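Novice: Quick one, my_file_35.csv (CSV, C-alpha atoms and all ligand atoms):
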chain,number,residue,atom,x,y,z
A,6,MET,CA,17.2,127.4,146.7
A,7,ALA,CA,16.6,124.9,144.0
A,8,GLN,CA,13.2,123.3,143.9
A,9,THR,CA,13.2,119.6,144.7
A,10,ARG,CA,11.1,117.2,142.7
A,11,ASP,CA,8.6,116.8,145.5
A,12,ARG,CA,8.0,120.5,145.7
A,13,ARG,CA,7.1,120.9,142.0
A,14,SER,CA,3.4,121.7,141.9
A,15,PRO,CA,1.3,119.4,139.6
A,16,ARG,CA,-1.0,122.4,139.1
A,17,GLU,CA,1.7,124.4,137.3
A,18,LEU,CA,3.4,124.0,133.9
A,19,GLU,CA,7.0,122.9,134.0
A,20,THR,CA,7.8,125.8,131.7
A,21,LEU,CA,6.5,127.8,128.8
A,22,TRP,CA,8.3,130.0,126.2
A,23,LYS,CA,7.8,131.6,122.9
A,24,GLU,CA,10.0,130.9,119.8
A,25,SER,CA,9.8,130.7,116.0
A,26,ASP,CA,9.0,127.7,113.8
A,27,MET,CA,7.5,126.9,110.4
A,28,SER,CA,3.9,126.6,109.5
A,29,GLY,CA,2.4,126.7,106.0
A,30,GLY,CA,5.9,127.2,104.5
A,31,ARG,CA,6.6,130.4,106.5
A,32,LYS,CA,8.3,131.3,109.7
A,33,VAL,CA,5.8,132.0,112.4
A,34,ASP,CA,5.6,132.7,116.1
A,35,ALA,CA,5.2,129.5,118.3
A,36,MET,CA,4.3,128.9,121.9
A,37,VAL,CA,5.9,125.9,123.6
A,38,ALA,CA,4.6,124.5,126.9
A,39,ILE,CA,6.0,121.7,128.9
A,40,MET,CA,3.3,120.0,130.9
A,41,ARG,CA,3.8,118.2,134.2
A,42,THR,CA,2.1,114.8,133.9
A,43,ASN,CA,2.4,111.3,135.4
A,44,GLY,CA,5.3,110.8,133.0
A,45,CYS,CA,6.4,108.5,130.2
A,46,VAL,CA,5.2,104.9,130.7
A,47,TRP,CA,8.5,103.7,129.2
A,48,ALA,CA,10.7,105.8,131.5
A,49,LYS,CA,9.1,104.0,134.4
A,50,THR,CA,10.7,100.8,133.2
A,51,GLY,CA,14.2,102.4,133.0
A,52,GLY,CA,13.5,104.4,129.8
A,53,CYS,CA,15.8,105.2,126.9
A,54,THR,CA,19.5,105.4,127.5
A,55,MET,CA,19.8,109.2,126.7
A,56,CYS,CA,16.5,110.3,128.4
A,57,GLY,CA,16.6,112.3,131.6
A,58,TYR,CA,12.8,112.6,131.8
A,59,LYS,CA,12.6,110.0,134.5
A,60,THR,CA,13.3,112.7,137.0
A,61,ALA,CA,10.9,115.2,135.3
A,62,SER,CA,7.6,113.5,135.9
A,63,LEU,CA,5.4,113.4,138.9
A,64,THR,CA,2.8,110.9,140.3
A,65,GLY,CA,-0.8,111.4,141.1
A,66,VAL,CA,-1.4,114.3,138.7
A,67,THR,CA,-5.2,114.7,138.4
A,68,VAL,CA,-7.5,116.0,135.7
A,69,ASP,CA,-8.0,119.1,137.9
A,70,ASP,CA,-4.3,119.7,138.1
A,71,LEU,CA,-3.9,119.4,134.3
A,72,MET,CA,-6.9,121.8,133.8
A,73,SER,CA,-5.1,124.3,135.9
A,74,GLN,CA,-2.0,123.9,133.7
A,75,VAL,CA,-4.2,124.5,130.7
A,76,ASP,CA,-5.5,127.7,132.4
A,77,GLN,CA,-1.9,128.9,132.9
A,78,MET,CA,-1.2,128.1,129.2
A,79,MET,CA,-4.2,130.1,128.0
A,80,SER,CA,-3.3,133.1,130.2
A,81,ARG,CA,0.0,133.3,128.3
A,82,TYR,CA,-1.4,132.4,124.8
A,83,LYS,CA,-1.4,135.4,122.4
A,84,GLY,CA,-2.8,133.7,119.3
A,85,GLU,CA,0.5,132.3,118.1
A,86,PRO,CA,-0.2,130.2,114.9
A,87,PHE,CA,1.9,127.3,116.1
A,88,VAL,CA,1.5,125.6,119.5
A,89,LYS,CA,3.8,122.8,120.8
A,90,LEU,CA,2.8,120.9,123.9
A,91,TYR,CA,5.3,118.5,125.4
A,92,THR,CA,4.7,116.2,128.3
A,93,SER,CA,8.1,114.5,128.7
A,94,GLY,CA,6.3,111.4,127.5
A,95,SER,CA,3.2,110.7,125.3
A,96,PHE,CA,0.4,113.2,124.9
A,97,LEU,CA,-1.9,110.4,123.7
A,98,ASP,CA,-1.3,108.2,126.7
A,99,GLU,CA,-4.5,108.7,128.8
A,100,ASN,CA,-2.5,108.1,131.9
A,101,GLU,CA,-0.6,111.3,131.1
A,102,VAL,CA,-3.3,113.4,129.4
A,103,PRO,CA,-6.8,112.1,130.1
A,104,VAL,CA,-9.4,112.5,127.4
A,105,PRO,CA,-11.3,115.5,129.0
A,106,VAL,CA,-8.0,117.5,129.2
A,107,ARG,CA,-7.0,116.5,125.7
A,108,GLU,CA,-10.5,117.6,124.4
A,109,ARG,CA,-10.3,120.9,126.1
A,110,ILE,CA,-6.8,121.5,124.6
A,111,PHE,CA,-8.2,120.7,121.1
A,112,ARG,CA,-11.0,123.2,121.7
A,113,GLU,CA,-8.8,125.9,123.1
A,114,PHE,CA,-6.4,125.7,120.1
A,115,ALA,CA,-8.9,124.9,117.4
A,116,GLY,CA,-8.1,128.2,115.8
A,117,CYS,CA,-4.3,127.8,115.6
A,118,GLU,CA,-2.6,126.6,112.4
A,119,ARG,CA,-0.6,123.9,114.0
A,120,LEU,CA,-0.8,122.0,117.2
A,121,LEU,CA,2.1,119.6,117.8
A,122,PHE,CA,2.6,117.0,120.5
A,123,GLU,CA,4.7,113.8,120.9
A,124,SER,CA,3.6,110.2,121.3
A,125,ARG,CA,5.0,106.7,121.4
A,126,PRO,CA,3.5,104.5,118.7
A,127,GLU,CA,1.6,102.2,121.0
A,128,PHE,CA,-0.9,105.1,121.8
A,129,ILE,CA,-1.5,105.9,118.1
A,130,THR,CA,-4.4,103.9,116.7
A,131,GLU,CA,-6.9,104.5,113.9
A,132,GLU,CA,-9.6,105.0,116.5
A,133,VAL,CA,-7.6,107.7,118.3
A,134,LEU,CA,-6.6,109.4,115.1
A,135,ARG,CA,-10.2,109.8,114.2
A,136,THR,CA,-10.7,112.0,117.3
A,137,LEU,CA,-7.9,114.4,116.5
A,138,PRO,CA,-8.4,117.8,114.9
A,139,LYS,CA,-6.9,118.4,111.5
A,140,ASN,CA,-4.4,121.0,112.7
A,141,VAL,CA,-2.5,118.3,114.6
A,142,THR,CA,1.1,117.3,114.0
A,143,ILE,CA,2.3,114.2,115.9
A,144,ALA,CA,6.0,114.1,116.7
A,145,LEU,CA,7.4,110.6,116.6
A,146,GLY,CA,10.7,109.9,118.5
A,147,MET,CA,11.9,107.3,116.1
A,148,GLU,CA,15.6,108.1,116.7
A,149,THR,CA,17.0,105.7,114.1
A,150,SER,CA,16.0,103.3,111.3
A,151,ASP,CA,18.5,100.7,112.6
A,152,PRO,CA,16.5,98.1,114.7
A,153,GLU,CA,19.7,96.9,116.5
A,154,VAL,CA,20.7,100.4,117.5
A,155,MET,CA,17.2,101.2,118.6
A,156,GLU,CA,17.1,98.1,120.8
A,157,ILE,CA,20.6,97.9,122.2
A,158,SER,CA,22.0,101.4,122.1
A,159,ILE,CA,18.9,103.4,122.7
A,160,ARG,CA,16.6,100.9,124.4
A,161,LYS,CA,13.6,102.5,122.8
A,162,GLY,CA,11.1,99.7,123.4
A,163,PHE,CA,9.6,99.8,119.9
A,164,THR,CA,11.0,99.3,116.4
A,165,PRO,CA,11.6,101.5,113.4
A,166,GLU,CA,8.8,99.6,111.6
A,167,ASP,CA,6.4,100.6,114.4
A,168,SER,CA,7.3,104.2,113.6
A,169,ARG,CA,6.8,103.7,109.9
A,170,ARG,CA,3.4,102.0,110.4
A,171,VAL,CA,2.0,104.7,112.6
A,172,GLY,CA,3.6,107.5,110.6
A,173,THR,CA,1.9,106.2,107.5
A,174,MET,CA,-1.4,105.9,109.4
A,175,ILE,CA,-1.1,109.5,110.6
A,176,LYS,CA,-0.5,110.8,107.1
A,177,ALA,CA,-3.4,108.8,105.8
A,178,ALA,CA,-5.6,110.4,108.4
A,179,GLY,CA,-4.7,113.8,107.0
A,180,LEU,CA,-2.5,114.9,109.9
A,181,LYS,CA,1.2,115.8,109.9
A,182,VAL,CA,4.3,114.0,111.2
A,183,ARG,CA,7.5,115.4,112.6
A,184,THR,CA,10.0,112.6,113.1
A,185,TYR,CA,12.8,113.0,115.6
A,186,LEU,CA,16.1,111.3,114.9
A,187,LEU,CA,19.0,111.0,117.3
A,188,LEU,CA,22.4,111.9,116.1
A,189,LYS,CA,25.1,109.7,117.7
A,190,PRO,CA,23.5,107.2,120.1
A,191,PRO,CA,26.0,105.7,122.5
A,192,PHE,CA,28.6,103.1,121.3
A,193,MET,CA,28.6,104.6,117.8
A,194,LEU,CA,31.6,106.0,116.0
A,195,GLU,CA,31.1,109.6,114.9
A,196,GLY,CA,31.5,108.7,111.2
A,197,ARG,CA,29.0,105.8,111.5
A,198,ALA,CA,26.6,108.1,113.3
A,199,ILE,CA,26.6,110.4,110.3
A,200,GLU,CA,25.9,107.5,107.9
A,201,SER,CA,23.3,106.1,110.2
A,202,ALA,CA,21.5,109.5,110.5
A,203,VAL,CA,21.5,109.8,106.7
A,204,GLU,CA,20.0,106.3,106.3
A,205,SER,CA,17.4,107.2,108.9
A,206,VAL,CA,16.4,110.4,107.1
A,207,ARG,CA,15.8,108.3,103.9
A,208,PHE,CA,13.8,105.8,105.9
A,209,ALA,CA,11.6,108.4,107.6
A,210,ALA,CA,11.1,110.8,104.7
A,211,PRO,CA,8.2,109.0,103.0
A,212,PHE,CA,6.0,109.3,106.1
A,213,SER,CA,7.3,112.6,107.5
A,214,ASP,CA,6.5,116.2,106.8
A,215,GLU,CA,9.5,117.3,108.8
A,216,ILE,CA,12.6,115.5,110.2
A,217,SER,CA,14.2,117.0,113.2
A,218,ILE,CA,17.7,115.8,114.0
A,219,ASN,CA,18.5,115.9,117.7
A,220,PRO,CA,22.2,115.5,118.5
A,221,VAL,CA,22.6,113.8,121.8
A,222,ASN,CA,22.7,116.2,124.7
A,223,VAL,CA,24.1,114.4,127.8
A,224,GLN,CA,21.3,114.7,130.4
A,225,LYS,CA,21.7,114.1,134.1
A,226,ALA,CA,21.1,110.7,135.7
A,227,THR,CA,21.2,108.9,132.4
A,228,TYR,CA,23.1,105.9,131.1
A,229,VAL,CA,24.7,108.2,128.5
A,230,GLU,CA,25.9,110.5,131.3
A,231,ARG,CA,27.7,107.6,133.0
A,232,LEU,CA,29.6,106.8,129.8
A,233,TRP,CA,30.4,110.5,129.2
A,234,LYS,CA,31.8,110.9,132.7
A,235,ARG,CA,34.1,108.0,132.1
A,236,GLY,CA,35.3,109.5,128.8
A,237,GLU,CA,33.5,106.8,126.9
A,238,TYR,CA,31.2,109.1,125.0
A,239,ARG,CA,31.6,112.4,123.2
A,240,SER,CA,28.6,114.4,122.1
A,241,PRO,CA,28.6,114.8,118.3
A,242,TRP,CA,30.4,117.6,116.5
A,243,ILE,CA,28.4,120.3,114.9
A,244,TRP,CA,30.3,119.5,111.7
A,245,SER,CA,28.7,116.0,111.8
A,246,LEU,CA,25.2,117.6,112.0
A,247,ILE,CA,26.1,119.9,109.1
A,248,GLU,CA,27.4,116.9,107.2
A,249,VAL,CA,24.1,115.0,107.6
A,250,PHE,CA,22.2,118.0,106.2
A,251,LYS,CA,24.6,118.5,103.3
A,252,ARG,CA,24.2,114.8,102.3
A,253,CYS,CA,20.4,114.8,102.6
A,254,ALA,CA,19.4,118.3,101.4
A,255,GLY,CA,17.5,118.2,98.2
A,256,THR,CA,17.2,114.4,98.2
A,257,VAL,CA,14.1,114.0,100.3
A,258,ASP,CA,10.7,115.5,100.1
A,259,CYS,CA,10.4,116.9,103.6
A,260,ARG,CA,11.8,119.7,105.7
A,261,LEU,CA,15.0,118.9,107.6
A,262,MET,CA,15.7,120.8,110.8
A,263,SER,CA,17.5,120.8,114.1
A,264,SER,CA,17.3,123.0,117.2
A,265,PRO,CA,19.8,121.3,119.4
A,266,SER,CA,19.5,121.6,123.2
A,267,GLY,CA,22.7,122.2,124.9
A,268,GLY,CA,24.4,123.2,121.7
A,269,GLY,CA,27.9,124.6,122.2
A,270,SER,CA,28.4,123.0,125.6
A,271,GLN,CA,30.5,120.0,126.5
A,272,ARG,CA,27.3,118.0,127.1
A,273,GLY,CA,25.7,119.0,123.8
A,274,VAL,CA,26.7,119.1,120.2
A,275,HIS,CA,29.9,121.1,119.9
A,276,ASN,CA,33.0,122.0,117.9
A,277,CYS,CA,36.1,123.8,119.1
A,278,GLY,CA,34.3,126.4,121.1
A,279,LYS,CA,35.4,129.3,118.8
A,280,CYS,CA,33.1,128.5,115.9
A,281,ASP,CA,30.2,126.9,117.8
A,282,ARG,CA,27.9,129.9,117.7
A,283,GLU,CA,28.5,130.5,114.0
A,284,ALA,CA,28.0,126.8,113.2
A,285,LEU,CA,24.8,126.6,115.2
A,286,ASP,CA,23.4,129.8,113.6
A,287,ALA,CA,24.1,128.1,110.2
A,288,VAL,CA,22.1,125.1,111.3
A,289,GLU,CA,19.2,127.4,112.3
A,290,ARG,CA,19.3,129.3,109.0
A,291,PHE,CA,19.3,126.0,107.1
A,292,SER,CA,16.4,124.7,109.1
A,293,TYR,CA,14.3,127.5,107.7
A,294,SER,CA,15.7,127.9,104.2
A,295,GLN,CA,16.7,124.3,103.3
A,296,ASP,CA,19.5,125.9,101.3
A,297,VAL,CA,22.9,124.2,101.7
A,298,LYS,CA,24.6,127.6,101.0
A,299,ASP,CA,23.4,128.6,104.5
A,300,LEU,CA,25.7,125.8,105.9
A,301,ALA,CA,28.9,127.5,104.7
A,302,VAL,CA,31.0,127.9,107.9
A,303,SER,CA,34.7,127.4,108.2
A,304,CYS,CA,37.1,127.0,111.1
A,305,GLU,CA,40.4,125.4,111.6
A,306,CYS,CA,38.8,122.7,113.8
A,307,LEU,CA,37.2,121.3,110.6
A,308,LYS,CA,40.6,119.5,110.2
A,309,THR,CA,40.5,118.3,113.7
A,310,TRP,CA,37.0,116.8,113.1
A,311,LYS,CA,38.2,115.0,110.0
A,312,ALA,CA,41.2,113.7,111.9
A,313,TYR,CA,38.8,112.6,114.7
A,314,LEU,CA,36.7,110.6,112.2
A,315,SER,CA,39.7,108.8,110.8
A,316,SER,CA,41.4,108.2,114.2
A,317,GLU,CA,38.4,106.6,115.8
A,318,LEU,CA,38.0,104.4,112.8
A,319,MET,CA,41.6,103.3,113.1
A,320,LEU,CA,41.4,102.8,116.8
A,321,GLY,CA,38.0,101.2,116.6
A,322,THR,CA,36.6,103.0,119.6
A,323,ALA,CA,33.7,105.3,120.2
A,324,SER,CA,35.4,106.8,123.3
A,325,ASP,CA,36.0,110.5,123.6
A,326,LEU,CA,39.3,110.9,121.7
A,327,ASP,CA,39.4,114.6,122.7
A,328,ARG,CA,40.0,113.5,126.2
A,329,GLY,CA,41.6,110.1,125.9
A,330,ILE,CA,44.2,110.9,123.2
A,331,GLY,CA,44.4,114.7,123.3
A,332,GLY,CA,45.6,114.6,126.9
A,333,ASP,CA,43.5,117.6,127.9
A,334,LEU,CA,41.4,115.9,130.5
A,335,ILE,CA,38.4,118.1,131.1
A,336,VAL,CA,36.7,117.7,134.5
A,337,ARG,CA,33.0,117.4,133.7
A,338,LYS,CA,30.4,118.9,135.9
B,1,LIG,S1,13.0,109.3,125.2
B,1,LIG,FE1,10.7,109.5,125.1
B,1,LIG,S2,10.1,107.3,125.1
B,1,LIG,FE2,12.2,107.3,125.8
B,1,LIG,S3,12.0,107.3,128.0
B,1,LIG,FE3,12.3,109.4,127.4
B,1,LIG,S4,10.2,110.2,127.2
B,1,LIG,FE4,10.0,108.0,127.2
B,2,ZN,ZN,36.0,125.5,115.3
Taking this structure as input, can you express it in the form of structure tokens?
Ligand code: SF4
Ligand SMILES: [Zn+2]

Specialist:
Amino acid sequence: MAQTRDRRSPRELETLWKESDMSGGRKVDAMVAIMRTNGCVWAKTGGCTMCGYKTASLTGVTVDDLMSQVDQMMSRYKGEPFVKLYTSGSFLDENEVPVPVRERIFREFAGCERLLFESRPEFITEEVLRTLPKNVTIALGMETSDPEVMEISIRKGFTPEDSRRVGTMIKAAGLKVRTYLLLKPPFMLEGRAIESAVESVRFAAPFSDEISINPVNVQKATYVERLWKRGEYRSPWIWSLIEVFKRCAGTVDCRLMSSPSGGGSQRGVHNCGKCDREALDAVERFSYSQDVKDLAVSCECLKTWKAYLSSELMLGTASDLDRGIGGDLIVRK
């Protein structure tokens, strides 16, 4: 039987897995843990339009609960050089990760090459940065460099300038920055989404060591899901993600990457279905090599994607043309 929200123990991690990532210019083993905390402060006010984390957080999670989650983490840790800790919110928000827990985590992972966590800018101050160890990378969910898109379409609750300010501060403190950008926020034409992502990469590059492009994955109980169910939103094409990389590769001094969640499904970034695996593998290869030659994929749906870009421009709509015009109404689950 599926676990309900109330039955999720605050003493256990949401999940933990091992994967690969980059550290010191080479591919290394990484451990990823998702902690259960009191949740994102912004999600409690309604949150961002594409974020499903409102349903992921708990209330009343104590220091003792979090220490138990750290114990669980340490029992699975096998000395991976890269450790990524996510909280479905901000690691530097003391309401989510109180200082004693934070300090224990820093001690436990003092020997690893990279320790990455996410934070909203309001929790990043000069004072806090002074307390962080030098192996830290802070991930900033900037999403876009367009202030209007950030406010109206994403409802982020801060501005691109806030990200630039804290990104610059993090770098000055000798730490690393991974910036997340969102490919195709709601209400945006696919073609415009490509241009906007390219502009955002250029904006973020000066204060980022890495830029990770996250194509929208339609999460449950979100505003984006409502639009998607009505046929008013299509997750981006993998061709669009590849296009962003092709346009940016070699033009910025930071690593470009993407590891899309839900890739190849109707809710995630997808092409025709036949070439999705191959295209996603190409994206993964490029994320390590930075070599555009690794993006060479072909499929007959490349023509459909080009037609999609020009049709939506002609019709002036960001609705899902695959469904609205193609006639193949797909029942979404
Ligand atoms: S995307 Fe990040 S900042 Fe926005 S509501 Fe979700 S967890 Fe909070
Ligand atoms: Zn295809």

Novice: Mind checking which residues fall within 9 Å of Leu194 of chain A, counting all atoms listed in the file, ignoring those fewer than 5 positions away in the same chain, and posting them as number ranges by chain?

Specialist: A: 189, 199, 314, 317-318, 321-324

Novice: I'd like the neighbourhood of Thr136 of chain A as a PyMOL selection string, where a residue qualifies if any of its atoms comes within 12 Å (using all atoms listed in the file), though same-chain residues fewer than 4 positions away should be ignored.

Specialist: chain A and resi 97+104+107-108+111+129-132+140-141+175+178+180

Novice: Please list as a PDB file with C-alpha atoms, in the coordinates of the input every residue within 8 Å of Phe212 of chain A, counting only C-alpha atoms and excluding residues in the same chain fewer than 4 positions away.

Specialist:
ATOM      1  CA  ARG A 169       6.800 103.700 109.900  1.00  0.00           C
ATOM      2  CA  GLY A 172       3.600 107.500 110.600  1.00  0.00           C
ATOM      3  CA  THR A 173       1.900 106.200 107.500  1.00  0.00           C
ATOM      4  CA  LYS A 176      -0.500 110.800 107.100  1.00  0.00           C
ATOM      5  CA  VAL A 182       4.300 114.000 111.200  1.00  0.00           C
TER       6      VAL A 182
END

Novice: Could you name the residues that touch Ala284 of chain A at 7 Å or less, counting all atoms listed in the file, but leaving out those on the same chain fewer than 3 positions away, as a VMD selection string?

Specialist: chain A and resid 243 280 to 281 287 to 288 302

Novice: Taking all atoms listed in the file into account, which residues are within 9 Å of ligand ZN 2 (chain B), as a list of chain:residue names?

Specialist: A:His275, A:Asn276, A:Cys277, A:Gly278, A:Lys279, A:Cys280, A:Asp281, A:Ala284, A:Ser303, A:Cys304, A:Glu305, A:Cys306, A:Leu307, A:Thr309

Novice: Measuring between only C-alpha atoms, which one of A:Tyr313, A:Val46, A:Asp70, A:Cys117 shows the shortest distance to Gly84 of chain A?

Specialist: A:Cys117

Novice: Around ligand LIG 1 (chain B), which protein and nucleic acid residues have at least one atom no more than 8 Å from it, if we count only C-alpha atoms and all ligand atoms? List them as a PyMOL selection string.

Specialist: chain A and resi 44-49+51-59+93-95+125+146+160-162

Novice: Kindly indicate which residue among A:Asp327, A:Asp167, A:Glu24, A:Glu204 lies nearest to Thr149 of chain A, using all atoms listed in the file for the distances.

Specialist: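 For Thr149 of chain A, the nearest of the given residues is A:Glu204.
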
Novice: Tell me which of A:Ser294, A:Ser213, A:Ser73, A:Ser14 sits closest to Lys32 of chain A, counting only C-alpha atoms.

Specialist: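 For Lys32 of chain A, the nearest of the candidates is A:Ser294.
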
Novice: Using Å and a single decimal, report how far atom CA of Pro190 of chain A sits from atom CA of Ile159 of chain A.

Specialist: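 Taking atom CA of Ile159 of chain A and atom CA of Pro190 of chain A, their separation equals 6.5 Å.
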
Novice: Of the candidates A:Gly196, A:Gly255, A:Ser266, A:Leu232, which shows the shortest atom-to-atom distance to Ser316 of chain A, using all atoms listed in the file?

Specialist: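 Answer, going by the shortest atom-to-atom distance: A:Gly196.
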
Novice: May I have the protein, DNA and RNA residues with an atom at most 12 Å from (20.1, 97.7, 117.1), counting all atoms listed in the file in the file's coordinates, returned as a ChimeraX atom specification?

Specialist: /A:148-165,190-193,201

Novice: How many Å lie between atom CA of Lys89 of chain A and atom CA of Ser124 of chain A, rounded to one decimal?

Specialist: 12.6 Å

Novice: Would you mind telling me which residue in A:Gly30, A:Gly273, A:Gly236, A:Gly179 lies nearest to Arg328 of chain A when using all atoms listed in the file?

Specialist: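 Counting all atoms listed in the file, the residue closest to Arg328 of chain A is A:Gly236.
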
Novice: What is the distance, in Å and to one decimal place, between atom CA of Leu18 of chain A and atom CA of Asn43 of chain A?

Specialist: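 Atom CA of Asn43 of chain A lies at a distance of 12.8 Å from atom CA of Leu18 of chain A.
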
Novice: Using only C-alpha atoms, pick whichever of A:Glu230, A:Asp26, A:Glu166, A:Glu17 has the shortest atom-to-atom distance to Arg290 of chain A.

Specialist: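 Ranked by minimum distance to Arg290 of chain A, first place goes to A:Asp26.
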
Novice: How about completing segment 53-67 of chain A with N, CA and C atoms and giving it to me as a JSON list (two decimals), in the coordinates of the input?

Specialist:
[["chain", "number", "residue", "atom", "x", "y", "z"],
["A", 53, "CYS", "N", 14.75, 105.20, 127.92],
["A", 53, "CYS", "CA", 15.80, 105.20, 126.90],
["A", 53, "CYS", "C", 17.11, 105.68, 127.48],
["A", 54, "THR", "N", 18.20, 105.24, 126.87],
["A", 54, "THR", "CA", 19.50, 105.40, 127.50],
["A", 54, "THR", "C", 19.94, 106.91, 127.59],
["A", 55, "MET", "N", 19.34, 107.76, 126.74],
["A", 55, "MET", "CA", 19.80, 109.20, 126.70],
["A", 55, "MET", "C", 18.75, 110.07, 127.40],
["A", 56, "CYS", "N", 17.66, 109.49, 127.93],
["A", 56, "CYS", "CA", 16.50, 110.30, 128.40],
["A", 56, "CYS", "C", 16.59, 110.63, 129.86],
["A", 57, "GLY", "N", 16.51, 111.91, 130.17],
["A", 57, "GLY", "CA", 16.60, 112.30, 131.60],
["A", 57, "GLY", "C", 15.17, 112.65, 132.11],
["A", 58, "TYR", "N", 14.12, 112.25, 131.38],
["A", 58, "TYR", "CA", 12.80, 112.60, 131.80],
["A", 58, "TYR", "C", 12.26, 111.81, 133.00],
["A", 59, "LYS", "N", 13.00, 110.75, 133.36],
["A", 59, "LYS", "CA", 12.60, 110.00, 134.50],
["A", 59, "LYS", "C", 12.43, 110.86, 135.74],
["A", 60, "THR", "N", 13.33, 111.85, 135.82],
["A", 60, "THR", "CA", 13.30, 112.70, 137.00],
["A", 60, "THR", "C", 12.33, 113.89, 136.79],
["A", 61, "ALA", "N", 11.77, 114.02, 135.58],
["A", 61, "ALA", "CA", 10.90, 115.20, 135.30],
["A", 61, "ALA", "C", 9.45, 114.97, 135.63],
["A", 62, "SER", "N", 9.02, 113.69, 135.71],
["A", 62, "SER", "CA", 7.60, 113.50, 135.90],
["A", 62, "SER", "C", 7.21, 113.31, 137.34],
["A", 63, "LEU", "N", 5.90, 113.48, 137.59],
["A", 63, "LEU", "CA", 5.40, 113.40, 138.90],
["A", 63, "LEU", "C", 4.48, 112.16, 139.04],
["A", 64, "THR", "N", 3.86, 111.97, 140.19],
["A", 64, "THR", "CA", 2.80, 110.90, 140.30],
["A", 64, "THR", "C", 1.58, 111.53, 140.83],
["A", 65, "GLY", "N", 0.45, 110.91, 140.53],
["A", 65, "GLY", "CA", -0.80, 111.40, 141.10],
["A", 65, "GLY", "C", -1.31, 112.70, 140.53],
["A", 66, "VAL", "N", -0.89, 113.05, 139.31],
["A", 66, "VAL", "CA", -1.40, 114.30, 138.70],
["A", 66, "VAL", "C", -2.82, 114.05, 138.23],
["A", 67, "THR", "N", -3.73, 114.91, 138.68],
["A", 67, "THR", "CA", -5.20, 114.70, 138.40],
["A", 67, "THR", "C", -5.63, 115.52, 137.21]]
